[in-house]
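Enquirer: The structure under discussion is supplied below as C-alpha cells; questions concerning it will follow.
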Amino acid sequence: MKTILVTGGAGFIGSHTCLALLERGYDIVIADSFINSNPICIDRILKISDLNKSQNRVNVVQSDLRNKENLNKIFKDAKQQGNPIEGVIHFAGLKSVNESVKNPILYWDNNLISSINLIKIMDENDCRTLVFSSSATVYGFSGKYLINENEKLEPINPYGNTKYVIEKLMHDIYDSSQSDWSIANLRYFNPIGAHVSGLIGENPIGLPNNVFPIILQVAARIIPELKIYGKDWPTKDGTGVRDYIHVMDLADGHVLTMEHLFENSGKILDINLGTGIGTSVLELVNTFKKINKIEVPYSFSERRSGDLSRVVADNSFSRSILNWSPIRSIEDMCRDGWNWKVLNPNGFI
Ligand code: UFG
C-alpha cells in the first residue's frame with residue numbers, strides 16, 4: 001500500500017485524517033513540529049487503529065518544514081526503507097486569525113516558507129501528488145447564499161492571505177509543470193466534533209476563538225458563558241450562520257481527494273469541503289444542550305469585527321468529483337465533541 005506524508009498530522013484535522021488513511025490501508029509518515037499539538041495524540045491514533053509502533057505503519061518525525069534538510073531526510077529515509085512517499089497531505093501551519101492580525105510576519109514566515117520548501121523537496125524526490133489544507137476564509141465577503149469554488153477570492157486577514165497565496169503558488173507550480181503535478185486545494189468550512197471514540201479531538205492551546213471549542217469550555221464550566229456576537233444579523237434568528245462539518249467527514253474527504261488524484265493524475269482542483277447546510281449560533285447551542293443534556297449559558301454581545309452573517313458551502317463539486325457526501329449531523333458533531341471533552345477535560349495530558 002502507498003505511503004502518505006501528513007504534515008501537521010498531530011493537529012485537529014490532521015490527526016483525524018491520519019485515522020481515515022490508516023483505516024483505508026495507507027501507511028503514513030507524520031511530520032509535526034508539535035508547537036501547537038501534542039505527541040500523545042499519536043499514541044491515541046495508534047490505539048484507535050489497533051496498531052503498535054513496531055508495525056511501522058505510522059512513522060513520526062518531529063520536524064519544522066522550514067528546515068529543508070530535515071524534510072529531505074524524511075523522503076530519503078522513507079525511500080531507503082522501501083516505502084517511498086507517494087503523496088502528501090499538507091496541514092502544517094498556523095491557523096489563528098487573531099494571532100495572524102497581531103503577528104503577520106509569523107504567519108507569512110511559517111505558512112509560506114514551509115509550503116515552498118515542501119514543494120521543492122517533493123519535486124526533488126519525484127513526489128508530485130499534493131493535497132493542501134486551505135480554508136473557506138479565502139473567499140472573504142462573498143455575500144452569496146451558497147459559495148461555490150468560482151467565487152472571487154478576497155481574504156480579509158493575514159491568515160487568509162497566506163492560504164490564498166499558497167493556493168496561487170500551487171496553481172503556478174501546476175501550470176509550469178506540464179501535468180507532472182496533481183494538486184488539490186481543499187477549502188474547509190467550519191470543522192467541529194471529534195472521533196467517536198473520544199480519544200482524539202480539538203485541543204486548542206490557550207483561549208479558543210472559535211465558537212465550538214468555546215461551547216465545550218462553557219459546558220465544562222471553564223468559561224462562565226458564551227458571548228454570542230450579534231443578534232441582529234440578517235439570518236433566521238439574528239445570529240451568525242456557518243457550515244459546520246464533522247471532522248471525520250472532512251477527514252474522509254481528504255482520503256477520497258488523494259485517491260482521486262492518484263487515479264486521475266495531472267490535474268489541479270480547488271474544492272469546497274462543507275455540508276451545504278447553514279446552522280446559526282443559537283441552533284448550534286440549542287442542539288448541543290439538547291443532545292448532551294447540559295446547560296450552556298450565553299449572553300448577546302456586539303458583533304465581532306470581520307465577521308460575516310452567513311458562510312455556507314455549495315458542495316456540489318466535491319459531491320460529484322469525489323463521490324463524497326458528509327454523513328454526520330449537527331447532533332453527531334455536538335455529541336462527539338462533548339464526549340471528547342468529558343473524557344479529556346484538559347486535552348492531551
Ligand atoms: N461566535 C460567537 N461567539 C464566539 C465565537 C464565535 O458568537 O465566542 C460566532 C461568530 O460570530 C460566527 C460563528 O460563531 O457567527 C462561527 O465563528 P467561529 O469563530 O467559530 O468561526 P468563523 O466562521 O469565524 O471562522 C472559522 C475559522 C477560520 C476559517 C473559517 C472558514 O476560525 O479559520 O471558519 O469559514 F477560515
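Just so we're on the same page: first chain in the C-alpha cells is A, next is B, and so on; residues restart at 1 for each chain, and ligands are numbered from 1 in the order they show up.
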Residues up to 7 Å from ligand 1, counting only C-alpha atoms and all ligand atoms: could you list those as a PyMOL selection string?

Expert: chain A and resi 95-97+135-137+160+188-190+209-212+214+226-230+239-242+281+303-304+307-309+311

Enquirer: Please provide as JSON, numbers by chain all residues within 12 Å of A:Thr17, with the sequence filter that same-chain residues fewer than 5 positions apart are discarded (counting only C-alpha atoms).

Expert: {"A": [4, 5, 6, 7, 8, 9, 10, 11, 12, 22, 23, 24, 26, 28, 30, 45, 88, 89, 90, 91, 131, 133, 194, 195, 200, 201, 246, 247, 248, 249, 250, 251, 252, 253, 254, 255, 256, 257, 258]}

Enquirer: Limited to C-alpha atoms, could you put the picked residues into a file as a tab-separated table (two decimals), in the first residue's frame?

Expert:
chain	number	residue	atom	x	y	z
A	4	ILE	CA	1.44	9.22	2.57
A	5	LEU	CA	3.26	12.04	4.33
A	6	VAL	CA	0.92	14.00	6.58
A	7	THR	CA	2.42	17.32	7.66
A	8	GLY	CA	0.78	18.60	10.84
A	9	GLY	CA	-0.59	15.10	11.38
A	10	ALA	CA	-0.91	15.56	15.15
A	11	GLY	CA	-3.22	18.57	14.77
A	12	PHE	CA	-7.01	18.56	14.87
A	22	LEU	CA	-4.88	4.07	8.17
A	23	GLU	CA	-8.37	2.66	8.02
A	24	ARG	CA	-8.19	2.75	4.24
A	26	TYR	CA	-2.36	3.54	3.74
A	28	ILE	CA	1.69	7.20	7.00
A	30	ILE	CA	3.61	12.19	10.30
A	45	ILE	CA	-4.13	7.34	16.77
A	88	VAL	CA	1.47	14.43	0.74
A	89	ILE	CA	-1.36	15.99	2.71
A	90	HIS	CA	-0.12	19.35	3.92
A	91	PHE	CA	-1.84	20.57	7.10
A	131	VAL	CA	-3.41	17.87	-1.06
A	133	SER	CA	-5.27	22.30	3.63
A	194	ALA	CA	-14.30	14.66	17.29
A	195	HIS	CA	-13.66	10.99	16.60
A	200	ILE	CA	-8.77	12.48	19.81
A	201	GLY	CA	-10.30	15.90	19.24
A	246	HIS	CA	-17.92	16.84	11.30
A	247	VAL	CA	-14.15	16.45	11.36
A	248	MET	CA	-14.44	12.76	10.36
A	249	ASP	CA	-16.45	13.68	7.25
A	250	LEU	CA	-13.72	16.18	6.46
A	251	ALA	CA	-11.06	13.50	7.04
A	252	ASP	CA	-12.84	11.12	4.65
A	253	GLY	CA	-12.90	13.94	2.10
A	254	HIS	CA	-9.09	14.10	2.24
A	255	VAL	CA	-8.68	10.38	1.61
A	256	LEU	CA	-11.10	10.50	-1.33
A	257	THR	CA	-9.28	13.53	-2.73
A	258	MET	CA	-5.92	11.75	-2.52

Enquirer: Using DSSP on the backbone coordinates, identify the residues of stretch 116-331 of chain A assigned to helix (DSSP H, G or I); present them as a PyMOL selection string.

Expert: chain A and resi 116-124+136-139+158-176+211-219+247-263+281-292+316-322+330-331

Enquirer: Give me, as a list in words, all polymer residues having an atom no more than 8 Å from A:Ile291, counting only C-alpha atoms and skipping those fewer than 4 positions away in the same chain.

Expert: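 Near A:Ile291, the qualifying residues are Thr287, Glu331, Cys334 and Arg335 of chain A.
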